[in-house]
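A.B. asks: What follows is run_11.cif; its format and atoms are mmCIF, N, CA and C atoms.
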```cif
data_query
#
loop_
_atom_site.label_atom_id
_atom_site.label_comp_id
_atom_site.auth_asym_id
_atom_site.auth_seq_id
_atom_site.Cartn_x
_atom_site.Cartn_y
_atom_site.Cartn_z
N MET A 1 2.13 -39.06 -7.69
CA MET A 1 1.50 -37.89 -7.13
C MET A 1 1.53 -36.75 -8.15
N THR A 2 0.42 -36.10 -8.34
CA THR A 2 0.29 -35.02 -9.30
C THR A 2 0.55 -33.68 -8.62
N PHE A 3 1.34 -32.85 -9.28
CA PHE A 3 1.63 -31.52 -8.75
C PHE A 3 0.42 -30.63 -8.92
N ARG A 4 0.09 -29.90 -7.87
CA ARG A 4 -0.97 -28.90 -7.92
C ARG A 4 -0.39 -27.57 -7.45
N SER A 5 -0.51 -26.56 -8.27
CA SER A 5 -0.01 -25.23 -7.92
C SER A 5 -1.07 -24.43 -7.18
N TYR A 6 -0.62 -23.66 -6.22
CA TYR A 6 -1.49 -22.76 -5.46
C TYR A 6 -1.16 -21.30 -5.79
N MET A 7 -0.46 -21.11 -6.90
CA MET A 7 -0.05 -19.76 -7.28
C MET A 7 -1.25 -18.86 -7.61
N ASP A 8 -2.35 -19.43 -8.11
CA ASP A 8 -3.53 -18.61 -8.37
C ASP A 8 -4.02 -17.94 -7.10
N GLN A 9 -3.99 -18.67 -5.98
CA GLN A 9 -4.42 -18.09 -4.71
C GLN A 9 -3.44 -17.01 -4.24
N ALA A 10 -2.15 -17.22 -4.48
CA ALA A 10 -1.15 -16.20 -4.14
C ALA A 10 -1.40 -14.94 -4.98
N LEU A 11 -1.74 -15.14 -6.24
CA LEU A 11 -2.04 -13.99 -7.11
C LEU A 11 -3.29 -13.26 -6.65
N GLU A 12 -4.29 -13.98 -6.15
CA GLU A 12 -5.48 -13.33 -5.59
C GLU A 12 -5.09 -12.42 -4.43
N GLU A 13 -4.21 -12.93 -3.57
CA GLU A 13 -3.74 -12.13 -2.43
C GLU A 13 -2.95 -10.91 -2.91
N ALA A 14 -2.17 -11.08 -3.96
CA ALA A 14 -1.40 -9.95 -4.51
C ALA A 14 -2.33 -8.89 -5.07
N ARG A 15 -3.37 -9.32 -5.78
CA ARG A 15 -4.34 -8.35 -6.32
C ARG A 15 -5.06 -7.62 -5.18
N ALA A 16 -5.41 -8.33 -4.13
CA ALA A 16 -6.06 -7.70 -2.98
C ALA A 16 -5.12 -6.68 -2.33
N ALA A 17 -3.84 -7.01 -2.25
CA ALA A 17 -2.86 -6.08 -1.69
C ALA A 17 -2.80 -4.81 -2.54
N ALA A 18 -2.77 -4.96 -3.85
CA ALA A 18 -2.74 -3.80 -4.74
C ALA A 18 -3.98 -2.94 -4.52
N GLY A 19 -5.13 -3.58 -4.33
CA GLY A 19 -6.37 -2.85 -4.07
C GLY A 19 -6.33 -2.04 -2.79
N ARG A 20 -5.47 -2.45 -1.86
CA ARG A 20 -5.29 -1.70 -0.60
C ARG A 20 -4.18 -0.66 -0.72
N GLY A 21 -3.57 -0.55 -1.90
CA GLY A 21 -2.47 0.39 -2.09
C GLY A 21 -1.12 -0.17 -1.69
N GLU A 22 -1.07 -1.47 -1.46
CA GLU A 22 0.18 -2.13 -1.08
C GLU A 22 0.88 -2.69 -2.33
N VAL A 23 2.18 -2.88 -2.25
CA VAL A 23 2.89 -3.54 -3.34
C VAL A 23 2.26 -4.92 -3.50
N PRO A 24 1.86 -5.28 -4.74
CA PRO A 24 1.10 -6.50 -4.95
C PRO A 24 1.93 -7.79 -4.86
N VAL A 25 2.08 -8.25 -3.65
CA VAL A 25 2.74 -9.53 -3.39
C VAL A 25 1.80 -10.36 -2.54
N GLY A 26 1.62 -11.62 -2.93
CA GLY A 26 0.76 -12.52 -2.18
C GLY A 26 1.47 -13.82 -1.88
N ALA A 27 1.08 -14.46 -0.78
CA ALA A 27 1.70 -15.71 -0.35
C ALA A 27 0.65 -16.68 0.17
N VAL A 28 0.91 -17.96 -0.05
CA VAL A 28 0.03 -19.03 0.42
C VAL A 28 0.90 -20.14 0.99
N ILE A 29 0.51 -20.66 2.15
CA ILE A 29 1.22 -21.79 2.76
C ILE A 29 0.30 -23.00 2.73
N VAL A 30 0.86 -24.11 2.23
CA VAL A 30 0.09 -25.32 2.02
C VAL A 30 0.71 -26.46 2.83
N ALA A 31 -0.15 -27.18 3.57
CA ALA A 31 0.29 -28.33 4.37
C ALA A 31 0.61 -29.51 3.45
N PRO A 32 1.36 -30.48 3.96
CA PRO A 32 1.65 -31.67 3.15
C PRO A 32 0.39 -32.37 2.64
N SER A 33 -0.73 -32.22 3.34
CA SER A 33 -2.00 -32.82 2.94
C SER A 33 -2.63 -32.11 1.74
N GLY A 34 -2.14 -30.92 1.40
CA GLY A 34 -2.71 -30.12 0.32
C GLY A 34 -3.67 -29.06 0.82
N GLU A 35 -3.86 -28.98 2.13
CA GLU A 35 -4.75 -27.98 2.72
C GLU A 35 -4.04 -26.64 2.80
N VAL A 36 -4.73 -25.58 2.40
CA VAL A 36 -4.19 -24.23 2.56
C VAL A 36 -4.29 -23.88 4.03
N VAL A 37 -3.13 -23.60 4.64
CA VAL A 37 -3.07 -23.29 6.07
C VAL A 37 -3.16 -21.79 6.31
N ALA A 38 -2.57 -21.00 5.41
CA ALA A 38 -2.58 -19.55 5.57
C ALA A 38 -2.35 -18.89 4.22
N ARG A 39 -2.87 -17.68 4.10
CA ARG A 39 -2.63 -16.87 2.91
C ARG A 39 -2.63 -15.42 3.33
N ALA A 40 -1.82 -14.62 2.65
CA ALA A 40 -1.70 -13.22 3.02
C ALA A 40 -1.15 -12.42 1.85
N GLY A 41 -1.38 -11.12 1.92
CA GLY A 41 -0.79 -10.17 0.99
C GLY A 41 -0.04 -9.12 1.78
N ASN A 42 0.78 -8.37 1.11
CA ASN A 42 1.54 -7.31 1.79
C ASN A 42 0.60 -6.38 2.55
N ARG A 43 1.06 -5.93 3.74
CA ARG A 43 0.29 -4.97 4.56
C ARG A 43 1.24 -4.00 5.28
N THR A 44 2.36 -3.70 4.67
CA THR A 44 3.34 -2.83 5.33
C THR A 44 2.78 -1.43 5.60
N ARG A 45 2.07 -0.87 4.64
CA ARG A 45 1.50 0.48 4.81
C ARG A 45 0.33 0.46 5.77
N GLU A 46 -0.56 -0.49 5.58
CA GLU A 46 -1.75 -0.58 6.42
C GLU A 46 -1.39 -0.75 7.89
N LEU A 47 -0.40 -1.59 8.17
CA LEU A 47 -0.02 -1.87 9.56
C LEU A 47 1.13 -0.99 10.06
N ASN A 48 1.67 -0.12 9.18
CA ASN A 48 2.83 0.69 9.53
C ASN A 48 3.94 -0.21 10.09
N ASP A 49 4.20 -1.28 9.36
CA ASP A 49 5.14 -2.31 9.82
C ASP A 49 5.99 -2.76 8.64
N PRO A 50 7.27 -2.40 8.63
CA PRO A 50 8.12 -2.79 7.50
C PRO A 50 8.33 -4.29 7.37
N THR A 51 7.98 -5.05 8.40
CA THR A 51 8.12 -6.52 8.32
C THR A 51 6.84 -7.20 7.85
N ALA A 52 5.79 -6.46 7.57
CA ALA A 52 4.50 -7.05 7.20
C ALA A 52 4.45 -7.44 5.72
N HIS A 53 5.48 -8.17 5.29
CA HIS A 53 5.50 -8.72 3.93
C HIS A 53 4.56 -9.92 3.89
N ALA A 54 4.07 -10.25 2.71
CA ALA A 54 3.12 -11.35 2.55
C ALA A 54 3.65 -12.65 3.16
N GLU A 55 4.92 -12.96 2.90
CA GLU A 55 5.50 -14.21 3.41
C GLU A 55 5.52 -14.25 4.94
N ILE A 56 5.92 -13.15 5.55
CA ILE A 56 6.00 -13.08 7.01
C ILE A 56 4.61 -13.24 7.62
N LEU A 57 3.64 -12.53 7.06
CA LEU A 57 2.28 -12.62 7.58
C LEU A 57 1.71 -14.03 7.43
N ALA A 58 1.98 -14.66 6.29
CA ALA A 58 1.50 -16.03 6.07
C ALA A 58 2.19 -17.01 7.02
N ILE A 59 3.48 -16.86 7.22
CA ILE A 59 4.21 -17.73 8.16
C ILE A 59 3.67 -17.55 9.57
N ARG A 60 3.47 -16.31 9.99
CA ARG A 60 2.91 -16.06 11.33
C ARG A 60 1.54 -16.72 11.49
N ALA A 61 0.69 -16.56 10.49
CA ALA A 61 -0.67 -17.12 10.56
C ALA A 61 -0.64 -18.65 10.58
N ALA A 62 0.22 -19.24 9.76
CA ALA A 62 0.31 -20.70 9.71
C ALA A 62 0.85 -21.26 11.02
N CYS A 63 1.87 -20.64 11.56
CA CYS A 63 2.43 -21.10 12.85
C CYS A 63 1.40 -20.97 13.96
N ALA A 64 0.65 -19.88 13.96
CA ALA A 64 -0.40 -19.69 14.98
C ALA A 64 -1.49 -20.74 14.83
N ALA A 65 -1.90 -21.00 13.59
CA ALA A 65 -2.96 -21.98 13.34
C ALA A 65 -2.54 -23.39 13.76
N LEU A 66 -1.27 -23.70 13.56
CA LEU A 66 -0.77 -25.04 13.87
C LEU A 66 -0.21 -25.16 15.28
N GLY A 67 -0.02 -24.03 15.95
CA GLY A 67 0.55 -24.05 17.30
C GLY A 67 1.99 -24.55 17.31
N ASP A 68 2.74 -24.16 16.29
CA ASP A 68 4.13 -24.63 16.16
C ASP A 68 4.95 -23.55 15.47
N GLU A 69 6.20 -23.43 15.84
CA GLU A 69 7.08 -22.45 15.19
C GLU A 69 7.70 -22.98 13.91
N ARG A 70 7.50 -24.24 13.63
CA ARG A 70 8.09 -24.87 12.44
C ARG A 70 7.00 -25.33 11.48
N LEU A 71 7.28 -25.19 10.22
CA LEU A 71 6.35 -25.60 9.17
C LEU A 71 7.01 -26.66 8.29
N VAL A 72 7.56 -27.66 8.93
CA VAL A 72 8.28 -28.73 8.23
C VAL A 72 7.33 -29.41 7.23
N GLY A 73 7.80 -29.56 6.02
CA GLY A 73 7.02 -30.23 4.99
C GLY A 73 5.99 -29.36 4.30
N HIS A 74 5.84 -28.13 4.73
CA HIS A 74 4.87 -27.22 4.12
C HIS A 74 5.48 -26.54 2.90
N ASP A 75 4.61 -26.13 2.00
CA ASP A 75 5.02 -25.40 0.80
C ASP A 75 4.62 -23.94 0.93
N LEU A 76 5.44 -23.07 0.39
CA LEU A 76 5.12 -21.64 0.34
C LEU A 76 5.10 -21.22 -1.12
N TYR A 77 4.00 -20.62 -1.52
CA TYR A 77 3.85 -20.05 -2.86
C TYR A 77 3.82 -18.54 -2.68
N VAL A 78 4.65 -17.84 -3.42
CA VAL A 78 4.69 -16.38 -3.32
C VAL A 78 4.91 -15.80 -4.72
N THR A 79 4.29 -14.67 -4.98
CA THR A 79 4.31 -14.11 -6.33
C THR A 79 5.62 -13.44 -6.70
N LEU A 80 6.44 -13.10 -5.72
CA LEU A 80 7.72 -12.43 -5.97
C LEU A 80 8.81 -13.11 -5.18
N GLU A 81 9.98 -13.19 -5.76
CA GLU A 81 11.14 -13.75 -5.06
C GLU A 81 11.28 -13.11 -3.68
N PRO A 82 11.35 -13.89 -2.63
CA PRO A 82 11.47 -13.33 -1.28
C PRO A 82 12.73 -12.48 -1.09
N CYS A 83 12.57 -11.43 -0.29
CA CYS A 83 13.70 -10.57 0.08
C CYS A 83 14.55 -11.33 1.11
N PRO A 84 15.70 -10.80 1.48
CA PRO A 84 16.54 -11.48 2.47
C PRO A 84 15.84 -11.72 3.81
N MET A 85 15.04 -10.76 4.28
CA MET A 85 14.33 -10.94 5.55
C MET A 85 13.37 -12.12 5.46
N CYS A 86 12.61 -12.18 4.38
CA CYS A 86 11.64 -13.26 4.22
C CYS A 86 12.34 -14.60 3.99
N ALA A 87 13.43 -14.59 3.26
CA ALA A 87 14.18 -15.83 3.04
C ALA A 87 14.68 -16.38 4.38
N ALA A 88 15.17 -15.51 5.25
CA ALA A 88 15.62 -15.96 6.58
C ALA A 88 14.45 -16.56 7.36
N ALA A 89 13.28 -15.91 7.31
CA ALA A 89 12.11 -16.43 8.02
C ALA A 89 11.68 -17.78 7.45
N ILE A 90 11.77 -17.94 6.15
CA ILE A 90 11.44 -19.23 5.50
C ILE A 90 12.37 -20.32 6.02
N SER A 91 13.64 -19.99 6.15
CA SER A 91 14.62 -20.94 6.68
C SER A 91 14.31 -21.28 8.13
N PHE A 92 14.07 -20.26 8.95
CA PHE A 92 13.79 -20.49 10.37
C PHE A 92 12.53 -21.33 10.56
N ALA A 93 11.54 -21.14 9.69
CA ALA A 93 10.28 -21.90 9.79
C ALA A 93 10.42 -23.32 9.23
N ARG A 94 11.53 -23.59 8.57
CA ARG A 94 11.79 -24.92 7.99
C ARG A 94 10.79 -25.31 6.90
N ILE A 95 10.38 -24.30 6.11
CA ILE A 95 9.49 -24.55 4.96
C ILE A 95 10.18 -25.57 4.04
N GLY A 96 9.42 -26.52 3.55
CA GLY A 96 9.99 -27.58 2.72
C GLY A 96 10.28 -27.17 1.29
N ARG A 97 9.32 -26.48 0.67
CA ARG A 97 9.46 -26.08 -0.72
C ARG A 97 8.99 -24.64 -0.89
N LEU A 98 9.75 -23.89 -1.66
CA LEU A 98 9.43 -22.50 -1.98
C LEU A 98 9.17 -22.41 -3.48
N TYR A 99 8.00 -21.92 -3.83
CA TYR A 99 7.63 -21.68 -5.22
C TYR A 99 7.41 -20.18 -5.36
N PHE A 100 8.04 -19.55 -6.36
CA PHE A 100 7.76 -18.13 -6.55
C PHE A 100 7.63 -17.79 -8.03
N GLY A 101 6.94 -16.67 -8.27
CA GLY A 101 6.66 -16.23 -9.62
C GLY A 101 7.78 -15.40 -10.21
N ALA A 102 7.73 -14.09 -9.99
CA ALA A 102 8.69 -13.16 -10.59
C ALA A 102 9.99 -13.11 -9.79
N SER A 103 11.08 -12.98 -10.50
CA SER A 103 12.37 -12.78 -9.82
C SER A 103 12.46 -11.30 -9.44
N ASP A 104 13.32 -11.00 -8.48
CA ASP A 104 13.46 -9.63 -8.00
C ASP A 104 14.93 -9.22 -8.01
N PRO A 105 15.43 -8.76 -9.16
CA PRO A 105 16.85 -8.39 -9.26
C PRO A 105 17.26 -7.28 -8.30
N LYS A 106 16.31 -6.43 -7.91
CA LYS A 106 16.63 -5.29 -7.05
C LYS A 106 16.70 -5.68 -5.57
N SER A 107 15.74 -6.48 -5.11
CA SER A 107 15.64 -6.74 -3.67
C SER A 107 15.54 -8.22 -3.30
N GLY A 108 15.67 -9.10 -4.27
CA GLY A 108 15.55 -10.53 -3.98
C GLY A 108 16.69 -11.04 -3.10
N GLY A 109 16.39 -12.09 -2.36
CA GLY A 109 17.39 -12.67 -1.47
C GLY A 109 17.59 -14.16 -1.66
N VAL A 110 16.96 -14.73 -2.69
CA VAL A 110 17.04 -16.17 -2.91
C VAL A 110 17.98 -16.51 -4.06
N LEU A 111 17.65 -16.05 -5.26
CA LEU A 111 18.51 -16.29 -6.43
C LEU A 111 19.26 -15.04 -6.83
N GLN A 112 18.95 -13.92 -6.18
CA GLN A 112 19.60 -12.62 -6.42
C GLN A 112 20.32 -12.20 -5.14
N GLY A 113 21.05 -11.13 -5.24
CA GLY A 113 21.65 -10.50 -4.05
C GLY A 113 22.36 -11.46 -3.13
N PRO A 114 22.00 -11.46 -1.84
CA PRO A 114 22.75 -12.24 -0.85
C PRO A 114 22.54 -13.75 -0.92
N ARG A 115 21.56 -14.22 -1.65
CA ARG A 115 21.31 -15.66 -1.78
C ARG A 115 21.36 -16.34 -0.40
N VAL A 116 20.44 -15.97 0.43
CA VAL A 116 20.41 -16.36 1.84
C VAL A 116 20.58 -17.86 2.04
N PHE A 117 19.92 -18.67 1.22
CA PHE A 117 19.96 -20.12 1.43
C PHE A 117 21.33 -20.73 1.09
N ASP A 118 22.16 -19.99 0.38
CA ASP A 118 23.49 -20.49 0.02
C ASP A 118 24.57 -20.13 1.04
N GLN A 119 24.20 -19.40 2.07
CA GLN A 119 25.18 -18.97 3.08
C GLN A 119 25.43 -20.08 4.11
N ALA A 120 26.65 -20.17 4.59
CA ALA A 120 27.01 -21.18 5.58
C ALA A 120 26.19 -21.03 6.87
N GLN A 121 25.75 -19.82 7.16
CA GLN A 121 24.99 -19.57 8.38
C GLN A 121 23.53 -20.02 8.27
N CYS A 122 23.09 -20.37 7.09
CA CYS A 122 21.71 -20.81 6.87
C CYS A 122 21.58 -22.26 7.31
N HIS A 123 20.69 -22.51 8.25
CA HIS A 123 20.54 -23.86 8.81
C HIS A 123 19.58 -24.74 8.02
N HIS A 124 18.74 -24.15 7.20
CA HIS A 124 17.78 -24.94 6.43
C HIS A 124 17.56 -24.29 5.08
N LYS A 125 17.64 -25.08 4.03
CA LYS A 125 17.38 -24.59 2.68
C LYS A 125 16.21 -25.38 2.09
N PRO A 126 15.14 -24.67 1.70
CA PRO A 126 14.02 -25.36 1.08
C PRO A 126 14.36 -25.72 -0.37
N GLU A 127 13.58 -26.62 -0.94
CA GLU A 127 13.65 -26.82 -2.39
C GLU A 127 13.09 -25.53 -3.00
N ILE A 128 13.69 -25.08 -4.09
CA ILE A 128 13.29 -23.81 -4.69
C ILE A 128 12.84 -24.03 -6.13
N TYR A 129 11.67 -23.51 -6.45
CA TYR A 129 11.12 -23.58 -7.80
C TYR A 129 10.69 -22.17 -8.19
N ASP A 130 11.34 -21.61 -9.19
CA ASP A 130 11.03 -20.24 -9.60
C ASP A 130 10.30 -20.22 -10.93
N GLY A 131 9.72 -19.09 -11.24
CA GLY A 131 9.10 -18.87 -12.54
C GLY A 131 7.66 -19.35 -12.67
N LEU A 132 7.00 -19.74 -11.57
CA LEU A 132 5.60 -20.15 -11.65
C LEU A 132 4.72 -18.93 -11.92
N GLN A 133 4.01 -18.95 -13.01
CA GLN A 133 3.15 -17.84 -13.42
C GLN A 133 3.91 -16.52 -13.33
N GLU A 134 5.12 -16.56 -13.81
CA GLU A 134 6.03 -15.41 -13.75
C GLU A 134 5.47 -14.19 -14.46
N ARG A 135 4.94 -14.38 -15.65
CA ARG A 135 4.44 -13.23 -16.42
C ARG A 135 3.31 -12.51 -15.69
N GLU A 136 2.39 -13.29 -15.13
CA GLU A 136 1.26 -12.68 -14.42
C GLU A 136 1.74 -11.95 -13.16
N SER A 137 2.65 -12.58 -12.43
CA SER A 137 3.20 -11.96 -11.22
C SER A 137 3.93 -10.68 -11.55
N GLU A 138 4.76 -10.75 -12.57
CA GLU A 138 5.53 -9.58 -13.00
C GLU A 138 4.62 -8.48 -13.53
N GLY A 139 3.59 -8.88 -14.27
CA GLY A 139 2.65 -7.91 -14.83
C GLY A 139 1.92 -7.13 -13.75
N LEU A 140 1.52 -7.80 -12.68
CA LEU A 140 0.87 -7.11 -11.56
C LEU A 140 1.77 -6.03 -10.98
N LEU A 141 3.02 -6.39 -10.77
CA LEU A 141 3.98 -5.45 -10.19
C LEU A 141 4.24 -4.28 -11.13
N LYS A 142 4.46 -4.57 -12.41
CA LYS A 142 4.75 -3.50 -13.37
C LYS A 142 3.59 -2.52 -13.50
N SER A 143 2.37 -3.04 -13.60
CA SER A 143 1.22 -2.14 -13.74
C SER A 143 0.98 -1.34 -12.45
N PHE A 144 1.23 -1.95 -11.30
CA PHE A 144 1.09 -1.25 -10.03
C PHE A 144 2.03 -0.04 -9.98
N PHE A 145 3.28 -0.25 -10.34
CA PHE A 145 4.24 0.85 -10.26
C PHE A 145 4.06 1.86 -11.39
N GLN A 146 3.61 1.42 -12.57
CA GLN A 146 3.33 2.36 -13.66
C GLN A 146 2.19 3.30 -13.28
N ASP A 147 1.19 2.77 -12.61
CA ASP A 147 0.05 3.59 -12.20
C ASP A 147 0.45 4.66 -11.17
N ARG A 148 1.56 4.46 -10.49
CA ARG A 148 1.99 5.41 -9.47
C ARG A 148 2.96 6.45 -10.01
N ARG A 149 3.37 6.30 -11.24
CA ARG A 149 4.31 7.27 -11.82
C ARG A 149 3.60 8.42 -12.47
#
```
Would you give me this structure, written as C-alpha cells?
C.D. replies:
Amino acid sequence: MTFRSYMDQALEEARAAAGRGEVPVGAVIVAPSGEVVARAGNRTRELNDPTAHAEILAIRAACAALGDERLVGHDLYVTLEPCPMCAAAISFARIGRLYFGASDPKSGGVLQGPRVFDQAQCHHKPEIYDGLQERESEGLLKSFFQDRR
C-alpha cells in the first residue's frame, strides 16, 4: 500500500482560515478507504467559540457525516500540533493516525507540554507522525503573526 498525504488539503484550509483573519490551522479527516470525510479551518473568532479549532470542527463534521461518535481507523491531518483540548478530542474519537506539520512548543499537547496521549488517563493513543510539510505549515503561521505586529 502506498502512502498518500492529505496535508495539501489541510494547508488549503489553513490558508482559508488566515483569509478570514483566523490563526491559520487546517485539518482533514480521511476514512480508511482514502475518502476525505471532513475538512475545516480555525473559526474561533468567526463563531465566537474558543473550541472552534480546526481539529474539533473536522471531528464534529466527520462524526455527523458518519452518524457515529467514533472515527476508528480514520486519519487526521492537521497543520499544527494539536493543543491539549484537541488531543483529548482525538483520543475520544478514536482517530487511528495523527499526522501534523509544525510543532507547537507554546501550546502543543501531543509532543510538547502535557503530552496528552502519554497520560494514564488517556484511553486511546493514535499513531503519531509529525513534521509533514513542516516548513510550509510553520511559514503560514509565522507570516500570519508577523503581519499582525
A.B. asks: To test your reading of the syntax: which residues would the PyMOL selection byres (((chain A and resi 132-149 and name CA) around 6) and name CA) return for the file shown? Reply as a PyMOL selection string.
C.D. replies: chain A and resi 79+100-102+130-131
A.B. asks: What's the separation between atom C of Val30 (chain A) and CA of Val72 (chain A), in Å to one decimal place?
C.D. replies: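 Here the two named atoms are 9.6 Å from each other.
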A.B. asks: Please enumerate the residues selected by the PyMOL selection byres ((chain A and resi 124) around 7) when evaluated against the supplied file, formatted as JSON, numbers by chain.
C.D. replies: {"A": [90, 91, 92, 94, 117, 121, 122, 123, 125, 126]}
A.B. asks: Quick one: of A:Pro50, A:Pro84, A:Gly96, A:Gly19, who's nearest to Pro114 (chain A), counting only N, CA and C atoms?
C.D. replies: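 Checking each of A:Pro50, A:Pro84, A:Gly96, A:Gly19 against Pro114 (chain A), counting only N, CA and C atoms, the winner is A:Pro84.
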A.B. asks: Using all atoms listed in the file, which of A:Arg39, A:Arg45, A:Arg60, A:Arg4 sits nearest Val23 (chain A)?
C.D. replies: A:Arg45
A.B. asks: Which residue, A:Leu80, A:Ala89, A:Val37, A:Leu71, has the smallest gap to Ile56 (chain A) when you use all atoms listed in the file?
C.D. replies: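 Closest to Ile56 (chain A), using all atoms listed in the file: A:Ala89.
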A.B. asks: Could you jot down the atom C of Tyr99 (chain A) to CA of Glu46 (chain A) separation for me, Å, one decimal place?
C.D. replies: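 A separation of 24.6 Å between them.
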A.B. asks: Rank A:Cys63, A:Ala93, A:Ala16, A:Val110 by their smallest atom-to-atom distance to Asn42 (chain A), using only N, CA and C atoms, and report the top residue only.
C.D. replies: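 Using only N, CA and C atoms, Asn42 (chain A) sits closest to A:Ala16.
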A.B. asks: Complete region 68-75 of chain A with all heavy atoms (output as a PDB file, in the coordinates of the input).
C.D. replies:
```pdb
ATOM      1  N   ASP A  68       2.740 -24.160  16.290  1.00  0.00           N
ATOM      2  CA  ASP A  68       4.130 -24.630  16.160  1.00  0.00           C
ATOM      3  C   ASP A  68       4.950 -23.550  15.470  1.00  0.00           C
ATOM      4  O   ASP A  68       4.439 -22.841  14.594  1.00  0.00           O
ATOM      5  CB  ASP A  68       4.156 -25.918  15.339  1.00  0.00           C
ATOM      6  CG  ASP A  68       5.442 -26.709  15.477  1.00  0.00           C
ATOM      7  OD1 ASP A  68       6.471 -26.151  15.925  1.00  0.00           O
ATOM      8  OD2 ASP A  68       5.428 -27.905  15.130  1.00  0.00           O
ATOM      9  N   GLU A  69       6.200 -23.430  15.840  1.00  0.00           N
ATOM     10  CA  GLU A  69       7.080 -22.450  15.190  1.00  0.00           C
ATOM     11  C   GLU A  69       7.700 -22.980  13.910  1.00  0.00           C
ATOM     12  O   GLU A  69       8.377 -22.241  13.190  1.00  0.00           O
ATOM     13  CB  GLU A  69       8.202 -22.034  16.153  1.00  0.00           C
ATOM     14  CG  GLU A  69       9.185 -23.165  16.433  1.00  0.00           C
ATOM     15  CD  GLU A  69      10.207 -22.821  17.480  1.00  0.00           C
ATOM     16  OE1 GLU A  69       9.887 -22.978  18.662  1.00  0.00           O
ATOM     17  OE2 GLU A  69      11.309 -22.394  17.095  1.00  0.00           O
ATOM     18  N   ARG A  70       7.500 -24.240  13.630  1.00  0.00           N
ATOM     19  CA  ARG A  70       8.090 -24.870  12.440  1.00  0.00           C
ATOM     20  C   ARG A  70       7.000 -25.330  11.480  1.00  0.00           C
ATOM     21  O   ARG A  70       5.957 -25.834  11.894  1.00  0.00           O
ATOM     22  CB  ARG A  70       8.948 -26.071  12.848  1.00  0.00           C
ATOM     23  CG  ARG A  70      10.073 -25.727  13.811  1.00  0.00           C
ATOM     24  CD  ARG A  70      11.294 -25.200  13.067  1.00  0.00           C
ATOM     25  NE  ARG A  70      12.282 -24.579  13.912  1.00  0.00           N
ATOM     26  CZ  ARG A  70      13.274 -25.197  14.527  1.00  0.00           C
ATOM     27  NH1 ARG A  70      13.389 -26.510  14.437  1.00  0.00           N
ATOM     28  NH2 ARG A  70      14.138 -24.520  15.239  1.00  0.00           N
ATOM     29  N   LEU A  71       7.280 -25.190  10.220  1.00  0.00           N
ATOM     30  CA  LEU A  71       6.350 -25.600   9.170  1.00  0.00           C
ATOM     31  C   LEU A  71       7.010 -26.660   8.290  1.00  0.00           C
ATOM     32  O   LEU A  71       6.995 -26.582   7.058  1.00  0.00           O
ATOM     33  CB  LEU A  71       5.929 -24.379   8.348  1.00  0.00           C
ATOM     34  CG  LEU A  71       5.225 -23.274   9.134  1.00  0.00           C
ATOM     35  CD1 LEU A  71       5.072 -22.016   8.292  1.00  0.00           C
ATOM     36  CD2 LEU A  71       3.882 -23.760   9.654  1.00  0.00           C
ATOM     37  N   VAL A  72       7.560 -27.660   8.930  1.00  0.00           N
ATOM     38  CA  VAL A  72       8.280 -28.730   8.230  1.00  0.00           C
ATOM     39  C   VAL A  72       7.330 -29.410   7.230  1.00  0.00           C
ATOM     40  O   VAL A  72       6.189 -29.749   7.566  1.00  0.00           O
ATOM     41  CB  VAL A  72       8.820 -29.768   9.242  1.00  0.00           C
ATOM     42  CG1 VAL A  72       9.476 -30.936   8.521  1.00  0.00           C
ATOM     43  CG2 VAL A  72       9.806 -29.095  10.198  1.00  0.00           C
ATOM     44  N   GLY A  73       7.800 -29.560   6.020  1.00  0.00           N
ATOM     45  CA  GLY A  73       7.020 -30.230   4.990  1.00  0.00           C
ATOM     46  C   GLY A  73       5.990 -29.360   4.300  1.00  0.00           C
ATOM     47  O   GLY A  73       5.335 -29.795   3.355  1.00  0.00           O
ATOM     48  N   HIS A  74       5.840 -28.130   4.730  1.00  0.00           N
ATOM     49  CA  HIS A  74       4.870 -27.220   4.120  1.00  0.00           C
ATOM     50  C   HIS A  74       5.480 -26.540   2.900  1.00  0.00           C
ATOM     51  O   HIS A  74       6.707 -26.388   2.795  1.00  0.00           O
ATOM     52  CB  HIS A  74       4.419 -26.166   5.131  1.00  0.00           C
ATOM     53  CG  HIS A  74       3.499 -26.716   6.172  1.00  0.00           C
ATOM     54  ND1 HIS A  74       3.912 -27.617   7.130  1.00  0.00           N
ATOM     55  CD2 HIS A  74       2.190 -26.494   6.400  1.00  0.00           C
ATOM     56  CE1 HIS A  74       2.893 -27.926   7.899  1.00  0.00           C
ATOM     57  NE2 HIS A  74       1.836 -27.258   7.488  1.00  0.00           N
ATOM     58  N   ASP A  75       4.610 -26.130   2.000  1.00  0.00           N
ATOM     59  CA  ASP A  75       5.020 -25.400   0.800  1.00  0.00           C
ATOM     60  C   ASP A  75       4.620 -23.940   0.930  1.00  0.00           C
ATOM     61  O   ASP A  75       3.569 -23.637   1.501  1.00  0.00           O
ATOM     62  CB  ASP A  75       4.336 -25.962  -0.448  1.00  0.00           C
ATOM     63  CG  ASP A  75       4.702 -27.406  -0.745  1.00  0.00           C
ATOM     64  OD1 ASP A  75       5.732 -27.885  -0.239  1.00  0.00           O
ATOM     65  OD2 ASP A  75       3.939 -28.056  -1.496  1.00  0.00           O
TER      66      ASP A  75
END
```
